[in-house]
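Beneath this line is the structure, given in structure tokens, with notes to follow.
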2 protein chains.
Amino acid sequence: MSPKITTELLKQLRQVMKNPKFVQEPVQAYIVPSGDAHQSEYIAPCDCRRAFISGFDGSAGTAIVTEQHAAMWTDGRYFLQAAHQMDNNWTLMKMGLKDTPTQEDWLVSVLPEGSKVGVDPFIIPADQWKRMSKVLRSAGHDLVPVKENLIDTIWTDCPQRPCKPLITLDLSYTGVSWRDKIVALRSKMAERKVMWFVVTALDEVAWLFNLRGSDVEYNPVFFAYAVIGMNTIRLFIDGDRMMDTPVREHLQLDSTLEPEFKIQVMPYGSILSELQAVGAGLSPKEKVWLSDKASYALTEAIPKAYRYLTPYTPICIAKAVKNAAETEGMRRAHIKDAVALCELFNWLEKEVPKGTVTEIIAADKAEEFRSQQKDFVELSFATISSTGPNGAIIHYKPVPETNRTLSVNEIYLLDSGAQYKDGTTDVTRTMHFGTPSAYEKECFTYVLKGHIAVSAAIFPNGTKGHLLDSFARSALWDCGLDYLHGTGHGVGSFLNVHEGPCGISYKTFADEPLEAGMIVSDEPGYYEDGSFGIRIENVVLVIPAETKYNFKNRGSLTFEPLTLVPIQTKMIDVNLLTEKE
Amino acid sequence: MSPKITTELLKQLRQVMKNPKFVQEPVQAYIVPSGDAHQSEYIAPCDCRRAFISGFDGSAGTAIVTEQHAAMWTDGRYFLQAAHQMDNNWTLMKMGLKDTPTQEDWLVSVLPEGSKVGVDPFIIPADQWKRMSKVLRSAGHDLVPVKENLIDTIWTDCPQRPCKPLITLDLSYTGVSWRDKIVALRSKMAERKVMWFVVTALDEVAWLFNLRGSDVEYNPVFFAYAVIGMNTIRLFIDGDRMMDTPVREHLQLDSTLEPEFKIQVMPYGSILSELQAVGAGLSPKEKVWLSDKASYALTEAIPKAYRYLTPYTPICIAKAVKNAAETEGMRRAHIKDAVALCELFNWLEKEVPKGTVTEIIAADKAEEFRSQQKDFVELSFATISSTGPNGAIIHYKPVPETNRTLSVNEIYLLDSGAQYKDGTTDVTRTMHFGTPSAYEKECFTYVLKGHIAVSAAIFPNGTKGHLLDSFARSALWDCGLDYLHGTGHGVGSFLNVHEGPCGISYKTFADEPLEAGMIVSDEPGYYEDGSFGIRIENVVLVIPAETKYNFKNRGSLTFEPLTLVPIQTKMIDVNLLTEKE
């Protein structure tokens, strides 16, 4: 792929950064974060502002443009991809490497004295605003909200915000009705003595109301906010989709209900003014609960003294612990997914030697087999179908310019998954259609040992996932190898393929302890730039473990793999495995 | 041991909490932290205020007294000890357990509306003040500084602050002169654009000036502060010890020196007023660097806009990486220490079967053998000499009331160490003088496996110690066992036996990455309340590791044990070990 030429765009952006039509005072730097107004990881085309301005379209990255510089922060998954997609106007800031400055420190080092740094207050999370603002202020600069998004002012052919029909999920899929979820939420609110809860994350709105959408590719969510009071429910959503009879019946919009379960439907765009009205009408001790990752704009709508901010919302935590209906659904989805991939592998084994299968063809074929399965909805993320050196681009997605033909001489890495109405899958397998080299087998086996070490780990109740991360790396570390990404992420139930509040990572983010019923991925890897990539990923369910002893009656946990896709045995150097492995 | 009866003391404290002679307004709660004005872990008798008011004298704990309640927060090492030492006036708050409230949350739950919570501003670290103050304020209460320490007002027989002679260390011990340390510090200050650095930790003052003292038992430090400017050096220290000729020569107090190396000696008690004068005279951009753990009082002396706070000071980080002279000294100290302990073990093997050796006698004997070694100064902490059930009290120290006789029927745990002029030691061995049971051997072997897993771990440069903690627990976790303390702490070089900024713990404190030259302990354990305790501890040096490959040229690290004390082989169930172990 060739990089996007951004010279003209950056010139335009630098002009609007000084244009009094859009900014009260000129801003010397403008931040373009990754997310949308809901701090989503996967975003709709209309929200791909960072990709528009830079060309880099990976799922994580923050662009900052100053009068002199344009810089992009991204993590190890995307170093190669970002370097490929961006032109020379851009400097790549490799997060996680020792010498890479933080965005704030970099700004302080390049900005002239007393600078203004602009950002869209709907896009930047409140916690990030706070952190950046503090560092900038202490260096004599100011972080300022720019109400009009400056990228949108220069993005002449920006697509429209999607507004697609909704899917209703009955109890057989969700296990719990939306009414019961509201009741449970209100009881959590009462525990913390808060009167209001603002639902800002799209997957939290979807989960709470047992609805799904398709406004964002791969993520079955829809653009909406909700504000839950102790006696009121407000849902902020646009479009005629609320006129749809099954949706109206599902939400009981036309039924006679107790007032506290009556859903008031309001326009999506009215959230800020409605929240400001809530904020203005609070009496002392009436707190409003928000995620600390909610946008700065919405957070500011509530006077500081009334805010109750937590890193994870009660919905996020409840959503992570799957109930029996959801777990059974996930099991069914993984059986179907394994059938589809077995069909694919069988097909690949026959077709690859003919030299006609490209990365794109293989990805399409995987989707074709999956789409034949019951209750298939869509893929859960863009398929990573990568062979040879492309495998080392951790979150690679084949495009015509890079599309490589699978062969009997190169390692092939397939990281793919689907949304079924009963569950979400995400699986990576690495395979060879000829004879892998001893070195390739050696590396694969270290990765496999790490995968097994996590999957078979037994650990006490209350353990946080980040304490398991080193188990995945130990075999690689012993030989001086490693991988520059985390080991696992939470997985939604017919929801986002990445979800909080748990995960397995060397980054000690404030993860919540693992609990029985949580579902995470286990995906160590090894990547050699220019040569190959290896990753082995299962989705695993946290389950109680039987142990010989039971210290302090705490109980233990372990994992049960939900993924049933075979691992290619010819990639394994069995001599490197222990008996137990 | 019987608990301290505190009814009368608490009554007196509650009276002074309302006495206008000591408090501007009555305080409804009073916090008694563990530390002294330097946030030391080990403190002088005059600073043992928490032990005085509660009876609990472990090294970590915070007492809070309200009109109705008296509560003590401490960690897993001290649950049993605190429960033994405190009377029924006290509630034990077991930190690290899921249901234990934080101090702030507990205060909010018990205080009447609009309460004042008092604390000595010289004792509470600024970061802790900030955290508590925020939570209390948001619940309608106020954290207030009480200038006169309220414990001191009721502590009629409080001992005097020690002021003992100093030891000077020459280059053969320190490797670097104090002048060169000042030069290096100023270059770090210049990098961060700060004009002043305030040295508040006692071991940092001692390290910086290549001096040692004995004001605090076990820690070769002396009460002092230092304020380093780009052109000035101020040392705040009391007593006629500065009249001592070797000290004057060492510090070149009477020599003609460039002004920037001339040390101004000032009274210890003048630090606050001097710092306030520095704070008042700052011009814009003149920052003052302090640890964020410096006391609230000293931190407040510098106007907020001029403070530069970091979790670890440049001295803390430089001190942690031992140079060749220090490493060689540590090696010598550990050889001597092993000789002393081998003599002790030989003596114990002969004497224990006679039934005449108590925990105290064994501890004294260990000290006697150590004191015969060259350059022995004192012990590095109170010897933990514990047999049978006493071994389960993690930081046990034998006293006449608990003193148990060693026998051929019980496990004996000895955690001890010494200060030699060339280095500090800290070693734990667990042994049996008869025949250990299969279960005792099983538990010991799991602990040994964890000890080996850390000691033999290979990990990339830049890895933080907390990522290694789970290696120490894995064998225990597999059987449902665990231990409620961290796995390792930094060790000083003829300095504090516990030092930052590195460590190995499941608590993800903001530790700095491990670097070659750092020295930490490796000490997993297993404890069964009422039965026995097992711990195996070596002091290990971080060294470069040779690996087969070298990912991204990052280089790898591993550990070299400095401790040379044998591990009793009869405690090992060899069948549970792998070939490599």
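Ligands are numbered from 1 in the order shown, residues from 1 within each chain, and chains are lettered A, B, ... in the order they appear in the structure tokens.
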> Near Tyr225 (chain A), counting only C-alpha atoms, which residues have an atom at most 10 Å away, once you skip same-chain residues fewer than 2 positions from it, shown as a list of chain:residue names?
Replying inline: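 Non-adjacent residues within range: A:His38, A:Val198, A:Val199, A:Thr200, A:Ala201, A:Leu202, A:Glu204, A:Val205, A:Ala206, A:Phe222, A:Phe223, A:Val227, A:Ile228, A:Arg234, A:Leu235, A:Phe236, A:Ile237, A:Met266, A:Pro267, A:Tyr268, A:Gly269, A:Ser270, A:Ile271.
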I need the chosen residues saved as a compact mmCIF listing (two decimals), in the first residue's frame, with N, CA, C and O atoms.
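Final file, out_11.txt:
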# COMPACT_ATOMS: atom_id res chain seq x y z
N HIS A 38 -18.47 8.21 21.87
CA HIS A 38 -18.75 7.17 22.85
C HIS A 38 -17.47 6.44 23.27
O HIS A 38 -17.52 5.40 23.90
N VAL A 198 -25.35 7.71 33.69
CA VAL A 198 -25.31 8.09 32.27
C VAL A 198 -24.59 6.99 31.49
O VAL A 198 -23.43 6.70 31.77
N VAL A 199 -25.32 6.37 30.56
CA VAL A 199 -24.72 5.30 29.76
C VAL A 199 -24.17 5.92 28.48
O VAL A 199 -24.95 6.43 27.65
N THR A 200 -22.85 5.91 28.33
CA THR A 200 -22.25 6.57 27.17
C THR A 200 -21.64 5.57 26.18
O THR A 200 -21.55 5.87 25.00
N ALA A 201 -21.21 4.40 26.65
CA ALA A 201 -20.58 3.42 25.75
C ALA A 201 -21.68 2.71 24.95
O ALA A 201 -22.70 2.29 25.51
N LEU A 202 -21.45 2.57 23.66
CA LEU A 202 -22.48 1.99 22.79
C LEU A 202 -22.82 0.56 23.18
O LEU A 202 -23.99 0.16 23.15
N GLU A 204 -22.71 -0.71 26.06
CA GLU A 204 -23.45 -0.72 27.33
C GLU A 204 -24.93 -0.39 27.09
O GLU A 204 -25.81 -0.99 27.72
N VAL A 205 -25.19 0.53 26.19
CA VAL A 205 -26.60 0.82 25.83
C VAL A 205 -27.24 -0.43 25.23
O VAL A 205 -28.34 -0.85 25.62
N ALA A 206 -26.53 -1.06 24.30
CA ALA A 206 -27.06 -2.25 23.62
C ALA A 206 -27.34 -3.37 24.62
O ALA A 206 -28.39 -4.01 24.60
N PHE A 222 -25.49 0.48 18.18
CA PHE A 222 -26.20 1.57 17.49
C PHE A 222 -25.93 2.86 18.24
O PHE A 222 -25.67 2.84 19.46
N PHE A 223 -25.96 3.98 17.54
CA PHE A 223 -25.66 5.26 18.19
C PHE A 223 -26.79 5.65 19.12
O PHE A 223 -27.92 5.86 18.70
N VAL A 227 -29.86 7.74 29.89
CA VAL A 227 -29.70 8.33 31.22
C VAL A 227 -30.73 7.65 32.12
O VAL A 227 -31.94 7.74 31.89
N ILE A 228 -30.24 6.92 33.10
CA ILE A 228 -31.11 6.14 33.97
C ILE A 228 -31.20 6.85 35.32
O ILE A 228 -30.18 7.07 35.98
N ARG A 234 -34.27 7.37 30.16
CA ARG A 234 -34.28 8.14 28.93
C ARG A 234 -33.31 7.51 27.94
O ARG A 234 -32.15 7.26 28.28
N LEU A 235 -33.80 7.29 26.73
CA LEU A 235 -32.97 6.69 25.68
C LEU A 235 -32.84 7.71 24.57
O LEU A 235 -33.85 8.17 24.02
N PHE A 236 -31.61 8.08 24.24
CA PHE A 236 -31.34 9.11 23.22
C PHE A 236 -30.94 8.40 21.94
O PHE A 236 -29.84 7.83 21.86
N ILE A 237 -31.82 8.41 20.97
CA ILE A 237 -31.57 7.63 19.76
C ILE A 237 -32.32 8.26 18.59
O ILE A 237 -33.41 8.79 18.78
N MET A 266 -35.72 10.05 23.18
CA MET A 266 -35.37 11.43 22.87
C MET A 266 -34.35 11.47 21.75
O MET A 266 -33.65 10.48 21.52
N PRO A 267 -34.22 12.61 21.07
CA PRO A 267 -33.26 12.67 19.96
C PRO A 267 -31.82 12.51 20.46
O PRO A 267 -31.46 13.04 21.52
N TYR A 268 -31.02 11.78 19.68
CA TYR A 268 -29.62 11.52 20.00
C TYR A 268 -28.88 12.82 20.32
O TYR A 268 -28.12 12.90 21.29
N GLY A 269 -29.13 13.84 19.53
CA GLY A 269 -28.39 15.10 19.68
C GLY A 269 -28.79 15.91 20.90
O GLY A 269 -28.13 16.91 21.22
N SER A 270 -29.83 15.47 21.60
CA SER A 270 -30.27 16.28 22.75
C SER A 270 -29.60 15.87 24.06
O SER A 270 -29.91 16.42 25.11
N ILE A 271 -28.69 14.91 24.01
CA ILE A 271 -28.08 14.41 25.24
C ILE A 271 -27.41 15.51 26.05
O ILE A 271 -27.59 15.60 27.27
>> When you look at Ser34 (chain B) with a cut-off of 9 Å (counting only C-alpha atoms), what residues show up, excluding the ones that are within fewer than 6 positions of it in the same chain? I need them as a ChimeraX atom specification.
In response: /B:40-43,47-51,59-63,123-124
Please produce a file of those selected residues containing C-alpha atoms, as a PDB file, in the first residue's frame.
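In the end it all went to part.pdb:
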ATOM      1  CA  SER B  40      10.789   5.990  57.019  1.00  0.00           C
ATOM      2  CA  GLU B  41       9.608   2.417  57.309  1.00  0.00           C
ATOM      3  CA  TYR B  42      11.775   1.711  60.363  1.00  0.00           C
ATOM      4  CA  ILE B  43      11.528   4.464  62.907  1.00  0.00           C
ATOM      5  CA  ASP B  47       8.444   8.187  66.420  1.00  0.00           C
ATOM      6  CA  CYS B  48       6.628   4.959  67.378  1.00  0.00           C
ATOM      7  CA  ARG B  49       3.407   6.826  67.990  1.00  0.00           C
ATOM      8  CA  ARG B  50       1.137   4.269  66.393  1.00  0.00           C
ATOM      9  CA  ALA B  51       2.641   1.502  68.533  1.00  0.00           C
ATOM     10  CA  SER B  59       6.571  -2.087  60.620  1.00  0.00           C
ATOM     11  CA  ALA B  60       3.442  -1.086  58.682  1.00  0.00           C
ATOM     12  CA  GLY B  61       0.098   0.106  59.960  1.00  0.00           C
ATOM     13  CA  THR B  62      -2.089   3.176  60.220  1.00  0.00           C
ATOM     14  CA  ALA B  63      -4.315   3.888  63.195  1.00  0.00           C
ATOM     15  CA  ILE B 123       4.092  12.680  59.205  1.00  0.00           C
ATOM     16  CA  ILE B 124       1.595  12.253  56.383  1.00  0.00           C
TER      17      ILE B 124
END
> Within 8 Å of chain B, which residues of chain A show up when using only C-alpha atoms, listed as a list in words?
Replying inline: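 Written out as asked, the residues are Lys98, Ser138, Ala305, Ala457, Ile458, Phe459, Pro460, Gly462, Leu467, Leu468, Asp469, Ser470, Phe471, Ser474, Trp477, Asp478, Cys479, Gly480, Leu481, Asp482, Tyr506, Thr508, Thr547, Lys548, Tyr549, Asn550, Phe551, Gly555 and Ser556 of chain A.
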Could you turn the residues from that selection into a file that holds C-alpha atoms, as a tab-separated table (two decimals), in the first residue's frame?
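Saved as out.tsv:
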chain	number	residue	atom	x	y	z
A	98	LYS	CA	11.35	3.51	26.46
A	138	SER	CA	1.96	23.24	34.47
A	305	ALA	CA	-19.31	18.32	43.07
A	457	ALA	CA	-3.12	-21.47	34.78
A	458	ILE	CA	-4.81	-21.94	38.13
A	459	PHE	CA	-5.05	-18.81	40.23
A	460	PRO	CA	-6.94	-17.59	43.30
A	462	GLY	CA	-9.67	-12.11	43.06
A	467	LEU	CA	-0.84	-11.06	36.85
A	468	LEU	CA	-1.12	-13.86	34.28
A	469	ASP	CA	0.54	-12.01	31.41
A	470	SER	CA	4.10	-13.12	32.13
A	471	PHE	CA	3.05	-16.79	31.99
A	474	SER	CA	8.11	-16.95	29.89
A	477	TRP	CA	11.74	-14.64	27.30
A	478	ASP	CA	13.95	-17.62	28.08
A	479	CYS	CA	15.26	-17.40	24.51
A	480	GLY	CA	15.39	-13.60	24.32
A	481	LEU	CA	12.10	-13.31	22.39
A	482	ASP	CA	8.89	-11.39	23.15
A	506	TYR	CA	1.74	-6.41	30.87
A	508	THR	CA	-1.20	-2.63	34.35
A	547	THR	CA	-7.47	-27.73	43.67
A	548	LYS	CA	-5.83	-30.09	46.16
A	549	TYR	CA	-5.94	-27.44	48.91
A	550	ASN	CA	-7.95	-24.25	49.38
A	551	PHE	CA	-5.96	-21.48	51.09
A	555	GLY	CA	-11.33	-20.77	45.90
A	556	SER	CA	-9.45	-20.94	42.63
> Just asking: which residues within region 202-289 of chain B are strand (DSSP E) according to DSSP, as a PyMOL selection string?
Replying inline: chain B and resi 211-212+224-229+233-237+263-266+287-289
> Which of region 221-409 of chain B counts as alpha helix (DSSP H) under DSSP, as an MDAnalysis selection string please?
Replying inline: chainID B and resid 245:250 271:280 296:300 314:320 324:351 359:371
>> I'd like the contact shell of Trp90 (chain B) - 7 Å cut-off, only C-alpha atoms, skipping same-chain residues fewer than 3 positions apart - returned as an MDAnalysis selection string.
In response: chainID B and resid 70:72 86:87
Near-Asp426 (chain A) list (10 Å; only C-alpha atoms; drop same-chain fewer than 3 positions) as a PDB file with N, CA and C atoms, in the first residue's frame:
ATOM      1  N   HIS A 334     -19.155 -20.940  19.123  1.00  0.00           N
ATOM      2  CA  HIS A 334     -17.794 -21.433  18.898  1.00  0.00           C
ATOM      3  C   HIS A 334     -17.784 -22.785  18.188  1.00  0.00           C
ATOM      4  N   ASP A 337     -18.378 -21.824  14.618  1.00  0.00           N
ATOM      5  CA  ASP A 337     -17.186 -21.155  14.104  1.00  0.00           C
ATOM      6  C   ASP A 337     -16.096 -22.171  13.773  1.00  0.00           C
ATOM      7  N   LEU A 379     -18.957 -10.387  10.422  1.00  0.00           N
ATOM      8  CA  LEU A 379     -17.674 -10.663  11.068  1.00  0.00           C
ATOM      9  C   LEU A 379     -17.568  -9.822  12.336  1.00  0.00           C
ATOM     10  N   SER A 380     -16.714 -10.256  13.246  1.00  0.00           N
ATOM     11  CA  SER A 380     -16.558  -9.482  14.487  1.00  0.00           C
ATOM     12  C   SER A 380     -15.397  -8.494  14.411  1.00  0.00           C
ATOM     13  N   PHE A 381     -14.598  -8.575  13.354  1.00  0.00           N
ATOM     14  CA  PHE A 381     -13.544  -7.577  13.084  1.00  0.00           C
ATOM     15  C   PHE A 381     -13.014  -7.894  11.691  1.00  0.00           C
ATOM     16  N   THR A 383     -10.925  -9.359   9.047  1.00  0.00           N
ATOM     17  CA  THR A 383     -10.094 -10.564   9.068  1.00  0.00           C
ATOM     18  C   THR A 383      -8.631 -10.220   8.800  1.00  0.00           C
ATOM     19  N   ASP A 415      -6.338 -14.475  11.698  1.00  0.00           N
ATOM     20  CA  ASP A 415      -6.998 -14.017  12.928  1.00  0.00           C
ATOM     21  C   ASP A 415      -8.356 -13.497  12.511  1.00  0.00           C
ATOM     22  N   SER A 416      -9.417 -14.185  12.909  1.00  0.00           N
ATOM     23  CA  SER A 416     -10.742 -13.850  12.385  1.00  0.00           C
ATOM     24  C   SER A 416     -11.808 -14.235  13.397  1.00  0.00           C
ATOM     25  N   GLY A 417     -12.984 -13.730  13.176  1.00  0.00           N
ATOM     26  CA  GLY A 417     -14.065 -14.052  14.093  1.00  0.00           C
ATOM     27  C   GLY A 417     -15.372 -13.537  13.538  1.00  0.00           C
ATOM     28  N   ALA A 418     -16.442 -13.934  14.200  1.00  0.00           N
ATOM     29  CA  ALA A 418     -17.753 -13.572  13.678  1.00  0.00           C
ATOM     30  C   ALA A 418     -18.697 -13.205  14.801  1.00  0.00           C
ATOM     31  N   GLN A 419     -19.720 -12.481  14.412  1.00  0.00           N
ATOM     32  CA  GLN A 419     -20.854 -12.216  15.274  1.00  0.00           C
ATOM     33  C   GLN A 419     -21.968 -13.177  14.875  1.00  0.00           C
ATOM     34  N   VAL A 491     -14.152 -10.429  25.833  1.00  0.00           N
ATOM     35  CA  VAL A 491     -14.923 -10.633  24.609  1.00  0.00           C
ATOM     36  C   VAL A 491     -16.403 -10.539  24.961  1.00  0.00           C
ATOM     37  N   VAL A 497     -15.993  -7.333  20.180  1.00  0.00           N
ATOM     38  CA  VAL A 497     -14.993  -8.387  20.329  1.00  0.00           C
ATOM     39  C   VAL A 497     -13.916  -7.971  21.349  1.00  0.00           C
ATOM     40  N   HIS A 498     -13.792  -6.687  21.586  1.00  0.00           N
ATOM     41  CA  HIS A 498     -12.935  -6.198  22.681  1.00  0.00           C
ATOM     42  C   HIS A 498     -13.827  -5.503  23.694  1.00  0.00           C
ATOM     43  N   VAL A 520     -12.357 -14.151  28.092  1.00  0.00           N
ATOM     44  CA  VAL A 520     -11.221 -13.378  27.580  1.00  0.00           C
ATOM     45  C   VAL A 520     -10.535 -14.168  26.468  1.00  0.00           C
ATOM     46  N   SER A 521      -9.676 -13.484  25.735  1.00  0.00           N
ATOM     47  CA  SER A 521      -8.869 -14.183  24.742  1.00  0.00           C
ATOM     48  C   SER A 521      -7.502 -14.509  25.351  1.00  0.00           C
ATOM     49  N   GLU A 537      -4.515 -18.040  19.221  1.00  0.00           N
ATOM     50  CA  GLU A 537      -5.535 -17.390  20.045  1.00  0.00           C
ATOM     51  C   GLU A 537      -6.771 -18.250  20.225  1.00  0.00           C
ATOM     52  N   ASN A 538      -7.129 -18.465  21.472  1.00  0.00           N
ATOM     53  CA  ASN A 538      -8.426 -19.038  21.825  1.00  0.00           C
ATOM     54  C   ASN A 538      -9.208 -18.021  22.633  1.00  0.00           C
ATOM     55  N   VAL A 539     -10.521 -18.145  22.568  1.00  0.00           N
ATOM     56  CA  VAL A 539     -11.375 -17.452  23.523  1.00  0.00           C
ATOM     57  C   VAL A 539     -11.621 -18.434  24.665  1.00  0.00           C
ATOM     58  N   THR A 563     -12.981 -21.891  22.223  1.00  0.00           N
ATOM     59  CA  THR A 563     -12.567 -22.089  20.831  1.00  0.00           C
ATOM     60  C   THR A 563     -12.251 -23.568  20.601  1.00  0.00           C
TER      61      THR A 563
END
>> Quick one: residues within 10 Å of region 342-352 of chain A, only C-alpha atoms, excluding same-chain residues fewer than 3 positions away - as a list in words?
In response: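 Once the adjacent positions are removed, what remains is Lys336, Asp337, Ala338, Val339, Gly355, Thr356, Val357, Thr358, Ala362, Ala363, Lys365, Ala366, Glu367, Glu368, Phe369, Arg370, Thr405, Leu406, Ser407, Val408, Met431, His432, Phe433, Gly434, Leu564, Val565, Pro566 and Gln568 of chain A.
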Expected file contents, prior selection, N, CA, C and O atoms, as a compact mmCIF listing (two decimals), in the first residue's frame:
# COMPACT_ATOMS: atom_id res chain seq x y z
N LYS A 336 -20.04 -23.62 15.90
CA LYS A 336 -20.30 -23.26 14.50
C LYS A 336 -19.06 -22.66 13.85
O LYS A 336 -18.72 -22.96 12.71
N ASP A 337 -18.38 -21.82 14.62
CA ASP A 337 -17.19 -21.16 14.10
C ASP A 337 -16.10 -22.17 13.77
O ASP A 337 -15.39 -22.04 12.77
N ALA A 338 -15.97 -23.19 14.62
CA ALA A 338 -14.95 -24.21 14.39
C ALA A 338 -15.30 -25.04 13.15
O ALA A 338 -14.42 -25.40 12.37
N VAL A 339 -16.59 -25.32 12.96
CA VAL A 339 -17.01 -26.04 11.76
C VAL A 339 -16.59 -25.25 10.53
O VAL A 339 -15.97 -25.77 9.59
N GLY A 355 -1.42 -22.39 -5.88
CA GLY A 355 -0.89 -21.03 -6.06
C GLY A 355 -1.93 -20.00 -6.47
O GLY A 355 -1.60 -18.96 -7.02
N THR A 356 -3.20 -20.28 -6.20
CA THR A 356 -4.25 -19.36 -6.65
C THR A 356 -4.96 -18.66 -5.49
O THR A 356 -5.85 -17.85 -5.69
N VAL A 357 -4.55 -18.99 -4.27
CA VAL A 357 -5.27 -18.42 -3.11
C VAL A 357 -4.50 -17.22 -2.56
O VAL A 357 -3.37 -17.36 -2.10
N THR A 358 -5.11 -16.06 -2.64
CA THR A 358 -4.48 -14.87 -2.05
C THR A 358 -5.03 -14.68 -0.63
O THR A 358 -6.02 -15.30 -0.24
N ALA A 362 -8.63 -15.97 0.70
CA ALA A 362 -8.74 -16.81 1.91
C ALA A 362 -9.68 -16.16 2.92
O ALA A 362 -10.52 -16.83 3.54
N ALA A 363 -9.53 -14.84 3.11
CA ALA A 363 -10.39 -14.13 4.06
C ALA A 363 -11.85 -14.21 3.60
O ALA A 363 -12.75 -14.46 4.41
N LYS A 365 -13.18 -16.48 1.75
CA LYS A 365 -13.63 -17.86 1.88
C LYS A 365 -14.00 -18.15 3.35
O LYS A 365 -15.00 -18.83 3.62
N ALA A 366 -13.20 -17.62 4.26
CA ALA A 366 -13.51 -17.81 5.69
C ALA A 366 -14.88 -17.19 5.99
O ALA A 366 -15.71 -17.79 6.67
N GLU A 367 -15.12 -16.00 5.44
CA GLU A 367 -16.41 -15.35 5.67
C GLU A 367 -17.54 -16.16 5.04
O GLU A 367 -18.61 -16.32 5.64
N GLU A 368 -17.27 -16.71 3.86
CA GLU A 368 -18.29 -17.50 3.17
C GLU A 368 -18.69 -18.71 4.01
O GLU A 368 -19.88 -18.98 4.22
N PHE A 369 -17.70 -19.43 4.52
CA PHE A 369 -18.02 -20.61 5.34
C PHE A 369 -18.76 -20.19 6.63
O PHE A 369 -19.71 -20.83 7.04
N ARG A 370 -18.30 -19.13 7.22
CA ARG A 370 -18.98 -18.67 8.45
C ARG A 370 -20.42 -18.26 8.17
O ARG A 370 -21.33 -18.53 8.96
N THR A 405 0.02 -13.98 -2.20
CA THR A 405 -0.52 -15.31 -2.48
C THR A 405 0.02 -16.30 -1.46
O THR A 405 1.23 -16.33 -1.19
N LEU A 406 -0.89 -17.10 -0.89
CA LEU A 406 -0.47 -18.14 0.05
C LEU A 406 0.34 -19.18 -0.70
O LEU A 406 0.04 -19.49 -1.86
N SER A 407 1.38 -19.70 -0.05
CA SER A 407 2.20 -20.69 -0.74
C SER A 407 2.63 -21.77 0.24
O SER A 407 2.39 -21.67 1.44
N VAL A 408 3.28 -22.78 -0.30
CA VAL A 408 3.76 -23.86 0.55
C VAL A 408 5.09 -23.50 1.21
O VAL A 408 5.70 -24.30 1.90
N MET A 431 -0.39 -21.39 10.40
CA MET A 431 -0.20 -22.71 9.78
C MET A 431 0.77 -22.64 8.62
O MET A 431 1.15 -21.56 8.16
N HIS A 432 1.18 -23.80 8.19
CA HIS A 432 2.12 -23.90 7.07
C HIS A 432 1.57 -24.97 6.14
O HIS A 432 1.17 -26.03 6.59
N PHE A 433 1.56 -24.67 4.84
CA PHE A 433 1.00 -25.64 3.88
C PHE A 433 2.10 -26.47 3.22
O PHE A 433 1.83 -27.30 2.38
N GLY A 434 3.36 -26.19 3.61
CA GLY A 434 4.46 -27.02 3.13
C GLY A 434 5.17 -27.57 4.35
O GLY A 434 4.54 -28.15 5.24
N LEU A 564 -12.76 -24.11 19.49
CA LEU A 564 -12.59 -25.54 19.22
C LEU A 564 -11.85 -25.79 17.91
O LEU A 564 -11.83 -26.91 17.41
N VAL A 565 -11.24 -24.75 17.36
CA VAL A 565 -10.53 -24.87 16.09
C VAL A 565 -9.20 -25.59 16.31
O VAL A 565 -8.45 -25.22 17.21
N PRO A 566 -8.90 -26.62 15.51
CA PRO A 566 -7.65 -27.36 15.73
C PRO A 566 -6.40 -26.48 15.53
O PRO A 566 -6.43 -25.50 14.78
N GLN A 568 -2.51 -26.62 14.19
CA GLN A 568 -1.77 -27.47 13.25
C GLN A 568 -0.56 -28.12 13.94
O GLN A 568 0.35 -27.43 14.39
> Which distance in Å separates CA of Pro159 (chain A) and CA of Met243 (chain A), to one decimal?
Replying inline: 24.3 Å
> Got a sec: who's within 10 Å of Ile5 (chain B), counting only C-alpha atoms, leaving out chain neighbours fewer than 6 positions off, as a PyMOL selection string?
Replying inline: chain B and resi 53-55+85-89
> Do you know which residues are at most 10 Å from Met330 (chain B) counting only C-alpha atoms, after dropping those on the same chain fewer than 3 positions away, and could you put them as an MDAnalysis selection string?
Replying inline: chainID B and resid 173 322 324:327 333:336 420:425 492:494 519 539 541 562:563
